[in-house]
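Contents: one structure, followed by commentary.
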Amino acid sequence: MEFPNTGDFLAGRLRDKLSQDDLEFIESLVAETRQGETGDVLLERGAVTEQSTILISGYIFRTIESGDRRFIVGVHVPGDFVDLHGFALKRLDHSIVAAGPITYGIAPHERLRDALEHRPRVARALWFATLLDAAIHRKWIQMLEQLDAPRRIAHIYCELHRRFELVGQANARSLRTPFTQIDLADMCGVSAIHANRAVGKLRELELAEIRRGDLYTSDWDALRTYAQFQADYLYGDGPLRFDQDWL
């Protein structure tokens with residue numbers, strides 16, 4: 001692979017509008033790669049940071065602890081710059097945690113600073129990535145307010161499947177994840193018992209079956225309709241197009 005660490009960054013979105021030189025510079029942002037396992041905390045809430053993380057393989061959670069409760073407030077897939085906003089904020093209001101085995105890259109903030117000062121096209125692409133994160137967060141808020149638990153779970157899987165489609169890693173009949181029933185509960189703001197019932201509802205409706213975190217379905221379109229999933233907020237192929245001069 002020509003860009004082993006950043007080849008999925010903005011794939012299916014703005015990547016094809018970046019020049020070869022821009023792509024080479026983005027690859028150079030990664031100073032080193034690391035491995036992680038389930039539960040590894042890559043960045044603790046409130047800790048000062050001088051680096052950002054790009055996910056190369058696996059899943060990463062954004063989490064917030066409150067008392068004895070954990071809330072999963074975001075999920076990242078390969079190609080995502082997980083904590084670019086840490087460059088400006090220097091500390092996060094949430095933790096970055098490995099959800100299963102992962103490979104990730106470390107981008108020192110001094111290299112990001114160089115992009116902002118000398119590479120306007122790359123800087124705008126990084127800015128776009130943070131705006132995309134914000135769009136996904138807004139959709140999650142709407143999802144939690146509007147949908148019942150079975151539809152919330154279905155929506156999360158539909159979103160993740162679409163995000164994997166954009167980076168060319170989607171399976172036509174399944175989505176493999178390391179998620180536990182407790183993970184699904186913490187994503188949806190419900191108890192583990194409630195999440196278990198929601199998973200059972202999807203099976204009862206013959207829309208999908210979730211086994212050990214892996215979702216199997218014979219009809220993604222039916223599942224998307226049930227979840228009220230519309231992919232426009234992911235800014236991939238669809239009704240929203242980018243002007244050629246955006247970058």
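Numbering starts fresh at 1 for the residues of each chain in the structure tokens, the chains themselves are lettered A, B, ... in the order given, and ligands are numbered from 1 as they appear.
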
### Task
Please give the complete set of residues from range 20-143 of chain A that DSSP, run on the backbone, assigns to helix (DSSP H, G or I), formatted as a PyMOL selection string.
chain A and resi 20-28+86-89+109-118+120-143

### Task
Identify, with DSSP run on backbone atoms, the residues in range 1-246 of chain A assigned to strand (DSSP E or B), and express the list as a VMD selection string.
chain A and resid 32 to 36 41 to 43 51 to 66 69 to 76 81 95 to 108 174 to 175 209 to 211 214 to 216

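Each of A:Leu43, A:Leu234, A:Ile54, A:Val77 was checked against Asp93 in chain A using only C-alpha atoms; the smallest atom-to-atom distance is that of A:Leu43.
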
### Query
With distances taken over only C-alpha atoms, which of A:Val122, A:Leu89, A:Leu175, A:Ala31 is nearest to Lys17 in chain A?
A:Val122

Compile a residue-level contact table for range 13-113 of chain A against range 136-141 of chain A at a cut-off of 12 Å, reporting for every qualifying residue the shortest atom pair and its distance in Å to one decimal, with only C-alpha atoms counted, rows ordered by chain and ascending number, as JSON lines.
{"residue": "A:Arg62", "atom": "CA", "partner": "A:His137", "partner_atom": "CA", "distance": 10.9}
{"residue": "A:Ile72", "atom": "CA", "partner": "A:Trp140", "partner_atom": "CA", "distance": 10.7}
{"residue": "A:Val73", "atom": "CA", "partner": "A:His137", "partner_atom": "CA", "distance": 7.7}
{"residue": "A:Gly74", "atom": "CA", "partner": "A:His137", "partner_atom": "CA", "distance": 7.1}
{"residue": "A:Val75", "atom": "CA", "partner": "A:Ile136", "partner_atom": "CA", "distance": 9.7}
{"residue": "A:His76", "atom": "CA", "partner": "A:Ile136", "partner_atom": "CA", "distance": 10.5}

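Between CA of Pro101 in chain A and CA of Phe81 in chain A the separation is 17.2 Å.
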
### Pick from A:Tyr235, A:Phe179, A:Tyr157, A:Phe25 nearest to Ala98 in chain A, counting only C-alpha atoms
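Going through A:Tyr235, A:Phe179, A:Tyr157, A:Phe25 one by one, the smallest distance to Ala98 in chain A is for A:Phe179.
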
Wanna dump the range 21-40 of chain A-range 110-115 of chain A contacts at 10 Å for me, each residue with its shortest atom pair and the distance in Å to one decimal, counting only C-alpha atoms, ordered by chain and number, as CSV?
residue,atom,partner,partner_atom,distance
A:Asp22,CA,A:Ala115,CA,9.9
A:Phe25,CA,A:Ala115,CA,8.4
A:Ile26,CA,A:Ala115,CA,8.6
A:Ser28,CA,A:Arg111,CA,8.5
A:Leu29,CA,A:Arg111,CA,5.8
A:Val30,CA,A:Arg111,CA,8.6
A:Ala31,CA,A:Arg111,CA,8.9

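The list of residues with at least one atom within 8 Å of Ile96 in chain A, based on only C-alpha atoms and without residues fewer than 6 positions apart in the same chain, reads A:Val41, A:Leu42, A:Leu43, A:Glu44, A:Arg45, A:Ile60, A:Phe61, A:Arg62, A:Thr63.
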
Take the selection from the previous step and output its residues with N, CA and C atoms, as a PDB file, in the first residue's frame.
ATOM      1  N   VAL A  41      -6.099   2.629  27.229  1.00  0.00           N
ATOM      2  CA  VAL A  41      -6.428   4.054  27.187  1.00  0.00           C
ATOM      3  C   VAL A  41      -5.308   4.789  26.451  1.00  0.00           C
ATOM      4  N   LEU A  42      -5.625   5.298  25.267  1.00  0.00           N
ATOM      5  CA  LEU A  42      -4.620   5.996  24.472  1.00  0.00           C
ATOM      6  C   LEU A  42      -4.433   7.426  24.961  1.00  0.00           C
ATOM      7  N   LEU A  43      -5.513   8.026  25.447  1.00  0.00           N
ATOM      8  CA  LEU A  43      -5.454   9.376  26.002  1.00  0.00           C
ATOM      9  C   LEU A  43      -6.505   9.493  27.081  1.00  0.00           C
ATOM     10  N   GLU A  44      -6.061   9.793  28.280  1.00  0.00           N
ATOM     11  CA  GLU A  44      -6.965   9.921  29.433  1.00  0.00           C
ATOM     12  C   GLU A  44      -7.620  11.286  29.434  1.00  0.00           C
ATOM     13  N   ARG A  45      -8.883  11.307  29.810  1.00  0.00           N
ATOM     14  CA  ARG A  45      -9.612  12.568  29.918  1.00  0.00           C
ATOM     15  C   ARG A  45      -8.845  13.553  30.804  1.00  0.00           C
ATOM     16  N   ILE A  60     -11.882   2.416  17.756  1.00  0.00           N
ATOM     17  CA  ILE A  60     -11.571   3.199  18.954  1.00  0.00           C
ATOM     18  C   ILE A  60     -12.854   3.838  19.465  1.00  0.00           C
ATOM     19  N   PHE A  61     -13.016   3.821  20.793  1.00  0.00           N
ATOM     20  CA  PHE A  61     -14.138   4.490  21.451  1.00  0.00           C
ATOM     21  C   PHE A  61     -13.704   5.840  22.005  1.00  0.00           C
ATOM     22  N   ARG A  62     -14.620   6.808  21.979  1.00  0.00           N
ATOM     23  CA  ARG A  62     -14.542   7.985  22.845  1.00  0.00           C
ATOM     24  C   ARG A  62     -15.436   7.676  24.042  1.00  0.00           C
ATOM     25  N   THR A  63     -14.937   7.838  25.255  1.00  0.00           N
ATOM     26  CA  THR A  63     -15.727   7.491  26.432  1.00  0.00           C
ATOM     27  C   THR A  63     -15.702   8.601  27.476  1.00  0.00           C
TER      28      THR A  63
END

### Query
With only C-alpha atoms as the atoms that count, which of A:Leu84, A:Leu207, A:Val48, A:Ile193 lies nearest to Phe128 in chain A?
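Ranked by minimum distance to Phe128 in chain A, first place goes to A:Leu84.
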
### Message
For Gln230 in chain A, find every residue with an atom within 12 Å (counting only C-alpha atoms), except residues of its own chain fewer than 6 positions away, and show them as a count of residues only.
### Response
15

### Task
Point out the residue among A:Leu92, A:Leu55, A:Leu126, A:Leu160 with the least atom-to-atom distance to Tyr104 in chain A, counting only C-alpha atoms.
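Of A:Leu92, A:Leu55, A:Leu126, A:Leu160, the one nearest Tyr104 in chain A is A:Leu55, counting only C-alpha atoms.
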
#### Entry: Near-Ala192 in chain A list (9 Å; only C-alpha atoms; drop same-chain fewer than 5 positions) as a ChimeraX atom specification
/A:181-186,197

### Message
I'd like the interatomic distance between CA of Thr49 in chain A and CA of Arg91 in chain A, to a tenth of an Å.
### Response
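We find that CA of Thr49 in chain A and CA of Arg91 in chain A lie 6.0 Å from each other.
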
### Query
Pick the closest to Asp83 in chain A from A:Ala107, A:Val199, A:Leu116, A:Leu23: which is it, counting only C-alpha atoms?
A:Ala107

### Message
So that I can check the surroundings of Thr177 in chain A, please list as a list in words every protein, DNA and RNA residue that reaches within 10 Å of it, counting only C-alpha atoms and ignoring chain neighbours fewer than 2 positions away.
### Response
Gly58, Tyr59, Ala99, Gly100, Tyr157, Leu160, Ser174, Leu175, Phe179, Thr180, Ile210, Arg211, Arg212, Gly213, Asp214 and Leu215 of chain A

### Long-range neighbours of range 5-13 of chain A as a list in words, 6 Å cut-off, only C-alpha atoms, 5 positions minimum in chain
Glu27, Ile56, Gly79, Leu166, Val167 and Gly236 of chain A

Can you write out the residues you just picked, keeping all heavy atoms, as a compact mmCIF listing (two decimals), in the first residue's frame?
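The resulting part.txt:
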# COMPACT_ATOMS: atom_id res chain seq x y z
N GLU A 27 1.00 11.47 4.97
CA GLU A 27 1.65 10.24 5.45
C GLU A 27 2.82 10.59 6.37
O GLU A 27 3.07 9.90 7.37
CB GLU A 27 2.13 9.41 4.26
CG GLU A 27 2.79 8.10 4.62
CD GLU A 27 1.85 7.02 5.12
OE1 GLU A 27 0.61 7.22 5.01
OE2 GLU A 27 2.32 5.99 5.61
N ILE A 56 -5.46 3.15 12.19
CA ILE A 56 -5.06 2.42 10.99
C ILE A 56 -5.88 1.16 10.82
O ILE A 56 -6.34 0.83 9.71
CB ILE A 56 -3.56 2.10 11.04
CG1 ILE A 56 -2.75 3.41 11.10
CG2 ILE A 56 -3.13 1.26 9.82
CD1 ILE A 56 -1.27 3.20 11.39
N GLY A 79 -8.81 5.14 9.23
CA GLY A 79 -8.76 6.38 8.46
C GLY A 79 -9.13 7.61 9.25
O GLY A 79 -8.88 8.73 8.82
N LEU A 166 -16.97 3.53 2.65
CA LEU A 166 -16.22 4.67 2.14
C LEU A 166 -14.73 4.38 2.06
O LEU A 166 -14.03 4.94 1.21
CB LEU A 166 -16.48 5.91 3.00
CG LEU A 166 -17.89 6.51 2.87
CD1 LEU A 166 -18.14 7.54 3.96
CD2 LEU A 166 -18.08 7.14 1.49
N VAL A 167 -14.24 3.52 2.94
CA VAL A 167 -12.81 3.17 2.89
C VAL A 167 -12.58 1.83 2.20
O VAL A 167 -11.48 1.27 2.24
CB VAL A 167 -12.17 3.17 4.31
CG1 VAL A 167 -12.24 4.56 4.92
CG2 VAL A 167 -12.82 2.14 5.21
N GLY A 236 -20.21 11.53 2.19
CA GLY A 236 -19.59 10.67 1.19
C GLY A 236 -20.32 10.81 -0.12
O GLY A 236 -20.84 11.87 -0.46
